[in-house]
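Trainee: Here you go, entry.cif (mmCIF, C-alpha atoms):
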data_protein
loop_
_atom_site.label_atom_id
_atom_site.label_comp_id
_atom_site.auth_asym_id
_atom_site.auth_seq_id
_atom_site.Cartn_x
_atom_site.Cartn_y
_atom_site.Cartn_z
CA MET O 1 57.16 -156.50 62.83
CA ASN O 2 58.20 -160.09 62.27
CA THR O 3 61.30 -161.19 60.44
CA ARG O 4 59.57 -162.51 57.35
CA ARG O 5 57.66 -159.33 56.63
CA LEU O 6 60.62 -157.05 57.36
CA PHE O 7 62.73 -159.08 54.94
CA CYS O 8 59.95 -159.00 52.36
CA LEU O 9 59.61 -155.22 52.72
CA ALA O 10 63.33 -154.63 52.25
CA LEU O 11 63.46 -157.06 49.32
CA LEU O 12 60.52 -155.46 47.54
CA LEU O 13 62.17 -152.05 47.91
CA SER O 14 65.31 -153.51 46.34
CA LEU O 15 63.27 -155.03 43.50
CA PHE O 16 61.69 -151.69 42.78
CA LEU O 17 64.99 -149.83 42.75
CA ALA O 18 66.92 -152.48 40.79
CA PRO O 19 65.42 -151.76 37.33
CA VAL O 20 66.06 -148.05 37.78
CA ALA O 21 69.69 -148.64 38.74
CA GLY O 22 70.13 -151.13 35.93
CA ALA O 23 68.68 -148.77 33.34
CA GLN O 24 71.01 -145.98 34.44
CA SER O 25 74.11 -148.20 34.46
CA GLY O 26 73.22 -150.24 31.37
CA GLU O 27 73.25 -153.51 33.35
CA ALA O 28 70.44 -155.99 33.45
CA PRO O 29 68.64 -156.38 36.80
CA PRO O 30 69.39 -159.56 38.72
CA SER O 31 66.98 -162.45 38.38
CA GLU O 32 64.53 -163.32 41.15
CA THR O 33 65.01 -166.32 43.40
CA PRO O 34 62.23 -168.82 44.09
CA THR O 35 62.14 -167.74 47.73
CA ALA O 36 61.58 -164.12 46.80
CA ALA O 37 58.87 -165.16 44.35
CA GLY O 38 57.08 -167.14 47.04
CA LYS O 39 57.16 -164.21 49.43
CA LEU O 40 55.96 -161.87 46.72
CA LYS O 41 53.10 -164.22 45.84
CA GLU O 42 52.03 -164.38 49.48
CA SER O 43 51.94 -160.60 49.79
CA MET O 44 49.81 -160.42 46.63
CA LEU O 45 46.98 -162.25 48.35
CA LEU O 46 46.55 -159.53 51.03
CA PRO O 47 46.25 -156.07 49.47
CA GLY O 48 47.31 -153.25 51.75
CA VAL O 49 49.80 -155.27 53.80
CA SER O 50 52.64 -152.87 53.10
CA LEU O 51 50.41 -149.91 53.91
CA ALA O 52 49.43 -151.46 57.26
CA GLU O 53 53.05 -152.24 58.10
CA GLY O 54 54.11 -148.70 57.19
CA VAL O 55 51.48 -147.21 59.52
CA SER O 56 52.76 -149.44 62.33
CA GLU O 57 56.37 -148.42 61.65
CA ILE O 58 55.54 -144.71 61.74
CA THR O 59 53.51 -145.09 64.95
CA GLY O 60 56.20 -147.14 66.71
CA VAL O 61 58.93 -144.66 65.80
CA ALA O 62 56.72 -141.75 66.92
CA ILE O 63 56.46 -143.20 70.43
CA SER O 64 60.25 -143.21 70.80
CA PRO O 65 62.08 -141.80 67.73
CA LEU O 66 65.61 -142.74 68.79
CA LEU O 67 64.69 -146.27 69.89
CA GLY O 68 62.42 -146.84 66.88
CA MET O 69 64.85 -145.67 64.19
CA THR O 70 67.78 -147.47 65.81
CA THR O 71 65.88 -150.75 66.12
CA MET O 72 64.44 -150.56 62.60
CA GLY O 73 67.82 -149.66 61.13
CA ALA O 74 69.76 -152.46 62.84
CA TRP O 75 67.01 -155.04 62.21
CA THR O 76 66.73 -154.22 58.52
CA TYR O 77 70.51 -154.17 58.09
CA PHE O 78 71.07 -157.65 59.53
CA LYS O 79 68.07 -159.16 57.74
CA THR O 80 69.16 -157.85 54.34
CA GLU O 81 71.58 -159.74 52.13
CA ALA O 82 75.08 -158.29 52.08
CA SER O 83 74.88 -157.62 48.34
CA GLN O 84 71.77 -155.46 48.84
CA ARG O 85 72.80 -153.47 51.92
CA HIS O 86 74.19 -150.60 49.90
CA ARG O 87 70.61 -149.91 48.74
CA LEU O 88 69.26 -149.46 52.27
CA PRO O 89 68.22 -145.99 53.50
CA TRP O 90 70.49 -143.88 55.65
CA TYR O 91 69.15 -144.98 59.05
CA CYS O 92 70.11 -148.61 58.25
CA HIS O 93 73.82 -147.84 57.95
CA PRO O 94 75.94 -149.21 60.82
CA TRP O 95 77.38 -145.86 61.86
CA VAL O 96 73.85 -144.46 62.31
CA TRP O 97 72.32 -147.20 64.42
CA SER O 98 75.56 -147.74 66.34
CA VAL O 99 75.46 -144.09 67.46
CA GLY O 100 71.79 -144.58 68.33
CA LEU O 101 72.61 -147.66 70.41
CA SER O 102 75.31 -145.70 72.25
CA LEU O 103 72.85 -142.92 73.12
CA LEU O 104 70.29 -145.47 74.25
CA GLY O 105 72.94 -147.05 76.47
CA VAL O 106 73.67 -143.69 78.07
CA CYS O 107 69.94 -143.12 78.69
CA PHE O 108 69.66 -146.59 80.24
CA LEU O 109 72.58 -145.92 82.58
CA LYS O 110 71.02 -142.59 83.52
CA ASP O 111 67.73 -144.24 84.46
CA PHE O 112 69.39 -147.22 86.17
CA LEU O 113 71.98 -145.32 88.19
CA GLY O 114 69.88 -142.18 88.58
CA ALA O 115 67.26 -144.03 90.63
CA ALA O 116 69.60 -143.82 93.62
CA ALA O 117 70.88 -140.32 92.80
CA PRO O 118 69.34 -137.15 94.25
CA ALA O 119 66.94 -135.13 92.12
CA LEU O 120 69.44 -132.30 91.69
CA VAL O 121 71.70 -134.73 89.82
CA LYS O 122 69.11 -136.70 87.84
CA LYS O 123 66.70 -133.94 86.77
CA PRO O 124 69.20 -132.05 84.57
CA LEU O 125 69.82 -135.34 82.75
CA ASP O 126 66.06 -135.85 82.37
CA PHE O 127 65.75 -132.40 80.80
CA ALA O 128 68.69 -133.19 78.51
CA GLU O 129 66.88 -136.37 77.40
CA LEU O 130 63.82 -134.21 76.80
CA PHE O 131 65.68 -132.19 74.18
CA GLU O 132 67.25 -135.34 72.73
CA ASP O 133 63.74 -136.65 72.09
CA LYS O 134 62.87 -133.42 70.28
CA ALA O 135 65.96 -133.65 68.09
CA SER O 136 65.28 -137.31 67.28
CA ALA O 137 61.68 -136.50 66.37
CA LEU O 138 62.84 -133.72 64.04
CA VAL O 139 65.26 -136.07 62.29
CA ALA O 140 62.62 -138.80 62.03
CA SER O 141 59.97 -136.45 60.62
CA VAL O 142 62.38 -135.24 57.92
CA GLY O 143 64.45 -138.33 57.13
CA PHE O 144 62.38 -141.36 58.15
CA VAL O 145 58.65 -140.73 57.78
CA PRO O 146 58.81 -139.47 54.16
CA LEU O 147 60.88 -142.53 53.16
CA VAL O 148 58.33 -144.89 54.70
CA ALA O 149 55.46 -143.03 53.02
CA LEU O 150 57.20 -143.23 49.63
CA ALA O 151 58.01 -146.91 50.14
CA MET O 152 54.36 -147.69 50.90
CA ALA O 153 53.25 -145.85 47.77
CA GLN O 154 55.81 -147.51 45.51
CA ILE O 155 55.14 -151.04 46.79
CA GLU O 156 51.39 -150.74 46.42
CA LYS O 157 51.75 -149.21 42.98
CA TRP O 158 54.19 -151.94 41.88
CA GLN O 159 51.99 -154.76 43.16
CA ALA O 160 48.70 -153.59 41.70
CA PRO O 161 49.36 -153.77 37.94
CA VAL O 162 51.39 -157.02 37.91
CA PRO O 163 49.99 -159.12 35.03
CA MET O 164 49.30 -162.85 35.21
CA GLN O 165 52.21 -163.62 32.88
CA ALA O 166 54.66 -161.87 35.19
CA LEU O 167 53.33 -163.74 38.20
CA GLU O 168 53.68 -167.06 36.37
CA GLY O 169 57.26 -166.17 35.44
CA LEU O 170 58.13 -165.30 39.04
CA ALA O 171 56.68 -168.60 40.21
CA GLY O 172 58.67 -170.63 37.75
CA GLY O 173 55.76 -171.19 35.39
CA GLY O 174 53.32 -172.50 38.01
CA PRO O 175 49.76 -171.15 38.16
CA ILE O 176 48.85 -168.41 40.63
CA LEU O 177 45.35 -167.45 41.66
CA ALA O 178 44.75 -163.71 41.12
CA THR O 179 42.30 -161.76 43.21
CA ALA O 180 40.35 -158.66 42.23
CA PRO O 181 41.36 -155.42 43.96
CA LEU O 182 39.38 -154.56 47.06
CA PRO O 183 37.15 -151.44 47.07
CA LEU O 184 39.19 -150.00 49.94
CA ALA O 185 42.34 -150.21 47.85
CA SER O 186 40.73 -148.24 45.04
CA LEU O 187 39.49 -145.59 47.47
CA ILE O 188 42.90 -144.91 48.98
CA ASP O 189 44.89 -145.52 45.81
CA PHE O 190 45.01 -141.87 44.78
CA SER O 191 46.00 -140.51 48.18
CA VAL O 192 48.59 -143.21 48.82
CA HIS O 193 50.24 -142.80 45.42
CA THR O 194 50.33 -139.00 45.59
CA PRO O 195 53.39 -137.89 47.60
CA TRP O 196 51.96 -134.41 48.15
CA ILE O 197 49.15 -136.07 50.10
CA SER O 198 50.69 -139.22 51.56
CA ILE O 199 53.80 -137.57 53.03
CA PRO O 200 51.97 -134.71 54.85
CA VAL O 201 49.38 -137.19 56.17
CA ALA O 202 52.15 -139.51 57.42
CA ILE O 203 53.98 -136.60 59.09
CA ALA O 204 50.73 -135.43 60.71
CA GLY O 205 50.06 -138.91 62.11
CA PHE O 206 53.64 -139.09 63.37
CA ALA O 207 53.32 -135.65 64.99
CA VAL O 208 50.15 -136.33 66.99
CA VAL O 209 51.49 -139.62 68.36
CA TRP O 210 54.86 -138.06 69.17
CA LEU O 211 53.24 -135.14 71.01
CA SER O 212 51.38 -137.48 73.35
CA SER O 213 54.47 -139.62 73.87
CA HIS O 214 56.69 -136.58 74.41
CA ALA O 215 54.27 -135.33 77.06
CA LEU O 216 55.31 -138.40 79.10
CA ASN O 217 58.94 -137.25 78.82
CA VAL O 218 57.93 -133.83 80.11
CA LEU O 219 56.15 -135.39 83.07
CA ILE O 220 59.26 -137.48 83.78
CA ALA O 221 61.44 -134.36 83.77
CA LEU O 222 59.05 -132.43 86.03
CA SER O 223 58.23 -135.24 88.45
CA PRO O 224 60.22 -135.23 91.72
CA PHE O 225 59.48 -138.90 92.43
CA GLY O 226 61.58 -141.74 91.04
CA VAL O 227 58.66 -144.21 91.21
CA VAL O 228 56.59 -141.98 88.92
CA ASP O 229 59.52 -141.70 86.50
CA ALA O 230 59.85 -145.49 86.32
CA GLY O 231 56.11 -145.93 85.77
CA LEU O 232 56.06 -143.44 82.90
CA LYS O 233 59.10 -145.09 81.30
CA LEU O 234 57.39 -148.48 81.48
CA THR O 235 54.27 -146.95 79.92
CA LYS O 236 56.26 -145.84 76.86
CA LEU O 237 57.93 -149.22 76.53
CA GLY O 238 54.56 -150.92 76.89
CA LEU O 239 53.10 -148.87 74.03
CA ILE O 240 56.03 -149.79 71.77
CA ALA O 241 55.65 -153.46 72.70
CA LEU O 242 51.91 -153.26 71.98
CA VAL O 243 52.48 -151.90 68.48
CA ALA O 244 55.29 -154.35 67.69
CA GLY O 245 53.46 -157.37 69.16
CA SER O 246 50.21 -156.68 67.34
CA THR O 247 52.10 -156.22 64.07
CA MET O 248 53.85 -159.57 64.57
CA LEU O 249 50.45 -161.21 64.96
CA HIS O 250 49.15 -159.61 61.76
CA PRO O 251 49.86 -156.34 59.91
CA TYR O 252 46.17 -155.42 60.03
CA ALA O 253 46.16 -155.81 63.82
CA GLY O 254 49.20 -153.53 64.06
CA ALA O 255 47.50 -150.96 61.84
CA ALA O 256 44.34 -151.11 63.98
CA VAL O 257 46.33 -150.53 67.19
CA SER O 258 48.25 -147.72 65.50
CA GLY O 259 44.98 -146.14 64.37
CA VAL O 260 43.68 -146.15 67.95
CA LEU O 261 46.90 -144.50 69.17
CA ILE O 262 46.66 -141.86 66.44
CA LEU O 263 43.05 -141.13 67.43
CA ILE O 264 44.05 -140.80 71.09
CA GLY O 265 46.88 -138.50 70.02
CA LEU O 266 44.40 -136.29 68.13
CA LEU O 267 42.13 -136.05 71.17
CA LEU O 268 45.07 -135.14 73.44
CA ALA O 269 46.85 -132.88 70.95
CA GLY O 270 45.96 -129.62 72.71
CA TRP O 271 46.91 -130.86 76.17
CA SER O 272 50.11 -132.44 74.85
CA PHE O 273 51.12 -129.30 72.94
CA ARG O 274 50.70 -127.03 75.97
CA LEU O 275 52.59 -129.44 78.23
CA THR O 276 55.37 -129.80 75.64
CA LEU O 277 55.76 -126.03 75.31
CA PHE O 278 55.74 -125.65 79.09
CA GLY O 279 58.43 -128.29 79.56
CA THR O 280 60.56 -126.94 76.71
CA LEU O 281 60.76 -123.37 78.02
CA MET O 282 61.11 -124.40 81.66
CA GLY O 283 63.80 -126.93 80.77
CA ALA O 284 65.72 -124.47 78.59
CA ASP O 285 65.80 -121.88 81.37
CA PHE O 286 66.80 -124.53 83.89
CA LEU O 287 69.60 -126.12 81.83
CA LEU O 288 71.01 -122.89 80.38
CA ASN O 289 70.55 -120.97 83.65
CA LYS O 290 68.91 -118.07 81.83
CA ARG O 291 68.57 -114.74 83.60
CA ALA O 292 66.33 -111.96 82.33
CA THR O 293 67.24 -108.29 82.72
CA SER O 294 65.08 -105.23 83.31
CA THR O 295 65.20 -104.34 79.63
CA ASP O 296 63.73 -107.76 78.76
CA LEU O 297 60.57 -106.80 80.62
CA GLU O 298 59.76 -104.24 77.95
CA ASP O 299 58.62 -107.09 75.70
CA GLY O 300 56.43 -108.53 78.43
CA VAL O 301 56.77 -111.37 80.91
CA LYS O 302 56.22 -114.94 79.74
CA GLY O 303 54.29 -117.38 81.86
CA PHE O 304 51.73 -120.18 81.87
CA LEU O 305 48.29 -120.34 83.41
CA ALA O 306 48.46 -122.29 86.66
CA ARG O 307 44.79 -123.33 86.45
CA ARG O 308 41.87 -123.19 84.03
CA THR O 309 40.62 -119.60 83.96
CA ALA O 310 37.48 -118.37 82.18
CA GLY O 311 37.48 -121.38 79.88
CA VAL O 312 41.16 -121.00 78.94
CA PRO O 313 43.01 -124.32 79.55
CA VAL O 314 45.74 -124.75 82.12
CA ARG O 315 49.35 -124.21 80.94
CA THR O 316 48.30 -121.83 78.19
CA MET O 317 51.22 -119.51 77.47
CA ALA O 318 50.29 -115.93 78.40
CA ARG O 319 51.92 -112.54 78.91
CA PRO O 320 50.82 -110.02 81.58
CA LYS O 321 50.28 -106.62 79.97
CA GLN O 322 48.83 -103.24 80.85
CA ASP O 323 45.73 -102.31 78.85
CA THR O 324 44.70 -98.78 77.91
CA ALA O 325 42.93 -98.35 81.26
CA GLY O 326 46.04 -99.34 83.19
CA GLN O 327 44.65 -102.71 84.28
CA THR O 328 46.72 -105.89 84.12
CA VAL O 329 45.45 -108.40 81.55
CA LEU O 330 46.80 -111.68 80.24
CA SER O 331 47.29 -111.85 76.47
CA TYR O 332 47.60 -115.23 74.75
CA ARG O 333 47.42 -116.80 71.30
CA PRO O 334 45.75 -120.22 70.95
CA TRP O 335 48.24 -122.63 69.33
CA LEU O 336 50.72 -119.67 69.31
CA PHE O 337 49.58 -118.39 65.88
CA LEU O 338 45.83 -117.73 66.13
CA PRO O 339 44.56 -114.15 66.78
CA GLU O 340 45.55 -112.69 70.14
CA LYS O 341 43.02 -112.80 72.96
CA HIS O 342 42.92 -111.16 76.37
CA LEU O 343 41.98 -112.48 79.77
CA ALA O 344 41.16 -110.15 82.66
CA LEU O 345 43.36 -110.54 85.73
CA PRO O 346 41.78 -109.16 88.95
CA GLN O 347 44.04 -106.64 90.68
CA GLU O 348 42.65 -107.23 94.17
CA ASN O 349 44.97 -109.19 96.47
CA LEU O 350 47.42 -109.91 93.63
CA VAL O 351 50.88 -110.71 94.95
CA LEU O 352 54.08 -112.09 93.46
CA ARG O 353 55.48 -115.19 95.12
CA ARG O 354 59.14 -116.14 95.03
CA GLY O 355 59.98 -119.78 94.44
CA ILE O 356 62.97 -122.09 94.44
CA VAL O 357 62.58 -122.81 90.72
CA HIS O 358 60.33 -120.03 89.42
CA PRO O 359 58.24 -117.08 90.62
CA SER O 360 54.49 -116.89 90.15
CA LEU O 361 51.56 -114.49 90.32
CA VAL O 362 49.03 -115.55 92.97
CA HIS O 363 45.73 -114.33 94.40
CA ARG O 364 45.69 -114.07 98.16
CA GLU O 365 42.31 -114.96 99.65
CA GLY O 366 40.82 -115.08 103.12
CA VAL O 367 41.18 -112.89 106.20
CA GLU O 368 44.46 -111.89 107.77
CA GLY O 369 45.94 -114.73 109.75
CA ALA O 370 44.06 -117.37 107.76
CA GLU O 371 45.06 -116.44 104.23
CA THR O 372 45.33 -118.88 101.34
CA SER O 373 46.99 -118.35 97.99
CA ARG O 374 45.93 -119.61 94.58
CA SER O 375 48.44 -119.48 91.75
CA ALA O 376 47.24 -117.62 88.68
CA LEU O 377 50.34 -117.52 86.45
CA ILE O 378 53.57 -119.52 86.58
CA LEU O 379 56.46 -117.35 85.40
CA LEU O 380 59.59 -118.73 83.76
CA PRO O 381 62.69 -119.37 85.90
CA ARG O 382 64.57 -116.59 84.09
CA TYR O 383 62.66 -113.99 86.20
CA ARG O 384 63.86 -115.24 89.59
CA SER O 385 65.94 -112.11 90.26
CA LEU O 386 63.33 -109.59 89.09
CA GLU O 387 60.43 -110.26 91.47
CA GLU O 388 60.30 -106.71 92.89
CA THR O 389 60.50 -105.10 89.44
CA ILE O 390 57.73 -107.31 88.07
CA ALA O 391 55.56 -106.65 91.14
CA ARG O 392 55.84 -102.86 90.70
CA ARG O 393 55.24 -103.11 86.96
CA PHE O 394 51.97 -105.04 87.26
CA GLY O 395 50.61 -103.52 90.45
CA CYS O 396 51.18 -106.42 92.83
CA GLN O 397 50.50 -105.58 96.45
CA ASP O 398 53.39 -107.53 97.92
CA VAL O 399 56.27 -109.92 97.23
CA VAL O 400 56.20 -113.02 99.44
CA ASP O 401 58.20 -116.22 99.72
CA GLY O 402 56.82 -119.59 98.74
CA THR O 403 56.34 -122.36 101.30
CA LEU O 404 59.45 -124.33 100.32
CA LEU O 405 61.55 -121.19 100.14
CA LYS O 406 60.38 -120.19 103.62
CA GLY O 407 61.35 -123.62 104.92
CA LEU O 408 64.81 -123.44 103.37
CA LYS O 409 65.38 -119.96 104.79
CA ALA O 410 64.29 -121.16 108.23
CA ILE O 411 66.72 -124.10 108.05
CA ARG O 412 69.52 -121.78 106.98
CA GLN O 413 68.82 -119.37 109.82
CA TRP O 414 68.78 -122.26 112.30
CA LEU O 415 72.10 -123.57 111.00
CA VAL O 416 73.63 -120.09 111.14
CA GLY O 417 72.40 -119.69 114.70
CA VAL O 418 73.76 -123.06 115.81
CA LEU O 419 77.14 -122.49 114.18
CA SER O 420 77.46 -118.98 115.57
CA LEU O 421 76.54 -120.24 119.04
CA GLY O 422 79.17 -122.96 118.77
CA GLN O 423 81.80 -120.43 117.74
CA GLU O 424 80.89 -118.20 120.72
CA ARG O 425 81.28 -121.12 123.14
CA LEU O 426 84.64 -122.03 121.66
CA ALA O 427 85.74 -118.42 122.01
CA LEU O 428 84.67 -118.31 125.66
CA ARG O 429 86.54 -121.52 126.42
CA ALA O 430 89.64 -120.17 124.78
#
Go through the file and emit its structure as structure tokens.
Mentor:
Amino acid sequence: MNTRRLFCLALLLSLFLAPVAGAQSGEAPPSETPTAAGKLKESMLLPGVSLAEGVSEITGVAISPLLGMTTMGAWTYFKTEASQRHRLPWYCHPWVWSVGLSLLGVCFLKDFLGAAAPALVKKPLDFAELFEDKASALVASVGFVPLVALAMAQIEKWQAPVPMQALEGLAGGGPILATAPLPLASLIDFSVHTPWISIPVAIAGFAVVWLSSHALNVLIALSPFGVVDAGLKLTKLGLIALVAGSTMLHPYAGAAVSGVLILIGLLLAGWSFRLTLFGTLMGADFLLNKRATSTDLEDGVKGFLARRTAGVPVRTMARPKQDTAGQTVLSYRPWLFLPEKHLALPQENLVLRRGIVHPSLVHREGVEGAETSRSALILLPRYRSLEETIARRFGCQDVVDGTLLKGLKAIRQWLVGVLSLGQERLALRA
């Protein structure tokens, strides 16, 4: 958003709040300057400008809540006159955006220095950034999006009924050409000016864009390759630059780009939600080093589908359970709150595979000596010490090691053998 329109937006908010403050304190509101009148007159000629800019602001902040709120807060603070800064919202205060800048600096150092660091050092920091993005999104959805929605409603409402006499007074007595309201403005007038509609709609638009953007953070945390991490980071920055650049060209262009991103977010909402839930639970177990006990298995075992099964999408959260006939089934709830459904899990050749990060239920296929395994359910890392108990509970035929775990065990055995042989030779020489 360019400097002129950001300044105009902040100034119009101040103009709207000034009569209210003056009426409460008994003081007369300050008079308008010719510059402010000129900016106001220009915005009158394009109805819906503030609405378009607000949509762009919400979309940009949804892509990266911490970066968006910090940038908007600092930009608005420095472009607002010192006498009006006390009227700015909370995210424009220096202590807020200075903390945000500090956190962004830490994230930058993590990405810059972590490129040369091993995955065991960088990945915990990536998971920590994952939860920081969730916290920032929660703060933005509660403290930023409703303020922008209310500001859009108040500005449009204040601009619409301005009489010709008031416009002439603001312009110093000069004539101003008035335009009739557009049909689109009359159609959206009710929804925009009704907070019970505008605020939920704004939060919903913020949520779908944030889900798709947050899915990139999950992929960054799960990816073992630094090149992929850098590419996904650049993708997020590119989306923010696209929204900001199009808004600088024209507010309507920014709103159009934001509308396309919101539509894409709606189409990817299911995939993004499942990936977000998967990354959240896996990251929480990984960072907090959670360990389940045998008594925790009474409530079931949590996992995620490793592949699309019987029309159920991949990474759907499911729980293995025993039905009335004693067969193992997977129970799941679409979107976590819809009615529970069940998915049959074949018992033949079902084994439990240990892993470095997490165990999983797999189907073993093929003849002996040429067997292949297909993962059916990815279990959470908290069950890494309960593989045998889970296998007995759900009728698994065997407990086997994963490929990477087998390789690590082979390397350890080789090192133990080499070291023990060296110690024997030293003993013989002695």
Trainee: Give as a count of residues only the residues that the PyMOL selection byres ((chain O and resi 319) around 9) matches when applied to the coordinates above.
Mentor: 13
Trainee: Between O:Leu51, O:Ala410, O:Leu130, O:Leu109, which is the closest to Leu222 (chain O) once you count only C-alpha atoms?
Mentor: O:Leu130
Trainee: For the structure shown, which residues end up in the PyMOL selection byres ((chain O and resi 64-75) around 7)? Put them as a list of chain:residue names, please?
Mentor: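 Listing what the PyMOL selection byres ((chain O and resi 64-75) around 7) selects in the shown file: O:Gly60, O:Val61, O:Ala62, O:Ile63, O:Thr76, O:Tyr77, O:Phe78, O:Lys79, O:Tyr91, O:Cys92, O:Trp97, O:Gly100, O:Leu101, O:Asp133, O:Ser136, O:Ala137, O:Ala140.
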Trainee: Determine, counting all atoms listed in the file, which protein, DNA and RNA residues have an atom within 10 Å of an atom of region 349-352 of chain O; residues of the same chain fewer than 6 positions away are not included. Present the result as a list in words.
Mentor: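 Using all atoms listed in the file, the neighbours found are Pro359, Ser360, Leu361, Val362, His363, Arg364, Glu365, Gly366, Ser373, Arg374, Ser375, Ala376, Leu377, Leu379, Glu387, Glu388, Ile390, Ala391, Arg392, Phe394, Gly395, Cys396, Gln397, Asp398, Val399, Val400, Asp401 and Gly402 of chain O.
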Trainee: Report as a list in words all protein, DNA and RNA residues lying within 10 Å of Leu277 (chain O), evaluated on all atoms listed in the file, omitting residues in the same chain fewer than 2 positions from it.
Mentor: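 Close residues of Leu277 (chain O): Ala215, Val218, Ser272, Phe273, Arg274, Leu275, Gly279, Thr280, Leu281, Met282, Gly283, Phe304, Arg315, Thr316 and Met317 of chain O.
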Trainee: With the file shown as input, list the residues that the PyMOL selection byres ((chain O and resi 270) around 10) selects, as a PyMOL selection string.
Mentor: chain O and resi 208+211-212+265-269+271-276+313+316+334-335
Trainee: Using CA of Phe286 (chain O) and CA of Phe108 (chain O) as the two end points, give the distance in Å to one decimal.
Mentor: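 Separating CA of Phe286 (chain O) from CA of Phe108 (chain O) is a distance of 22.5 Å.
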Trainee: Could you check how far CA of Leu380 (chain O) sits from CA of Leu297 (chain O), in Å to one decimal?
Mentor: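 Separating CA of Leu380 (chain O) from CA of Leu297 (chain O) is a distance of 12.4 Å.
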Trainee: If you keep all heavy atoms, can you output region 62-67 of chain O as an mmCIF file, in the first residue's frame?
Mentor:
data_model
loop_
_atom_site.group_PDB
_atom_site.id
_atom_site.type_symbol
_atom_site.label_atom_id
_atom_site.label_comp_id
_atom_site.auth_asym_id
_atom_site.auth_seq_id
_atom_site.Cartn_x
_atom_site.Cartn_y
_atom_site.Cartn_z
ATOM 1 N N ALA O 62 -2.568 -12.050 6.548
ATOM 2 C CA ALA O 62 -2.853 -13.481 6.662
ATOM 3 C C ALA O 62 -1.714 -14.330 6.126
ATOM 4 O O ALA O 62 -1.456 -15.428 6.641
ATOM 5 C CB ALA O 62 -4.149 -13.810 5.921
ATOM 6 N N ILE O 63 -1.007 -13.857 5.112
ATOM 7 C CA ILE O 63 0.108 -14.635 4.561
ATOM 8 C C ILE O 63 1.226 -14.777 5.589
ATOM 9 O O ILE O 63 1.814 -15.855 5.745
ATOM 10 C CB ILE O 63 0.622 -13.975 3.271
ATOM 11 C CG1 ILE O 63 -0.477 -13.980 2.203
ATOM 12 C CG2 ILE O 63 1.869 -14.695 2.752
ATOM 13 C CD1 ILE O 63 -0.113 -13.215 0.955
ATOM 14 N N SER O 64 1.530 -13.707 6.303
ATOM 15 C CA SER O 64 2.542 -13.747 7.364
ATOM 16 C C SER O 64 2.096 -12.795 8.462
ATOM 17 O O SER O 64 2.362 -11.585 8.376
ATOM 18 C CB SER O 64 3.924 -13.355 6.825
ATOM 19 O OG SER O 64 4.898 -13.420 7.853
ATOM 20 N N PRO O 65 1.383 -13.280 9.491
ATOM 21 C CA PRO O 65 0.804 -12.375 10.500
ATOM 22 C C PRO O 65 1.836 -11.504 11.206
ATOM 23 O O PRO O 65 1.624 -10.300 11.370
ATOM 24 C CB PRO O 65 0.104 -13.338 11.466
ATOM 25 C CG PRO O 65 -0.189 -14.544 10.657
ATOM 26 C CD PRO O 65 0.944 -14.665 9.690
ATOM 27 N N LEU O 66 2.949 -12.081 11.632
ATOM 28 C CA LEU O 66 3.944 -11.297 12.361
ATOM 29 C C LEU O 66 4.558 -10.231 11.464
ATOM 30 O O LEU O 66 4.652 -9.055 11.856
ATOM 31 C CB LEU O 66 5.033 -12.217 12.907
ATOM 32 C CG LEU O 66 6.155 -11.533 13.691
ATOM 33 C CD1 LEU O 66 5.606 -10.820 14.911
ATOM 34 C CD2 LEU O 66 7.221 -12.543 14.095
ATOM 35 N N LEU O 67 4.972 -10.606 10.265
ATOM 36 C CA LEU O 67 5.560 -9.642 9.338
ATOM 37 C C LEU O 67 4.544 -8.585 8.925
ATOM 38 O O LEU O 67 4.858 -7.387 8.866
ATOM 39 C CB LEU O 67 6.095 -10.369 8.104
ATOM 40 C CG LEU O 67 6.677 -9.499 6.988
ATOM 41 C CD1 LEU O 67 7.863 -8.697 7.497
ATOM 42 C CD2 LEU O 67 7.076 -10.365 5.798
#
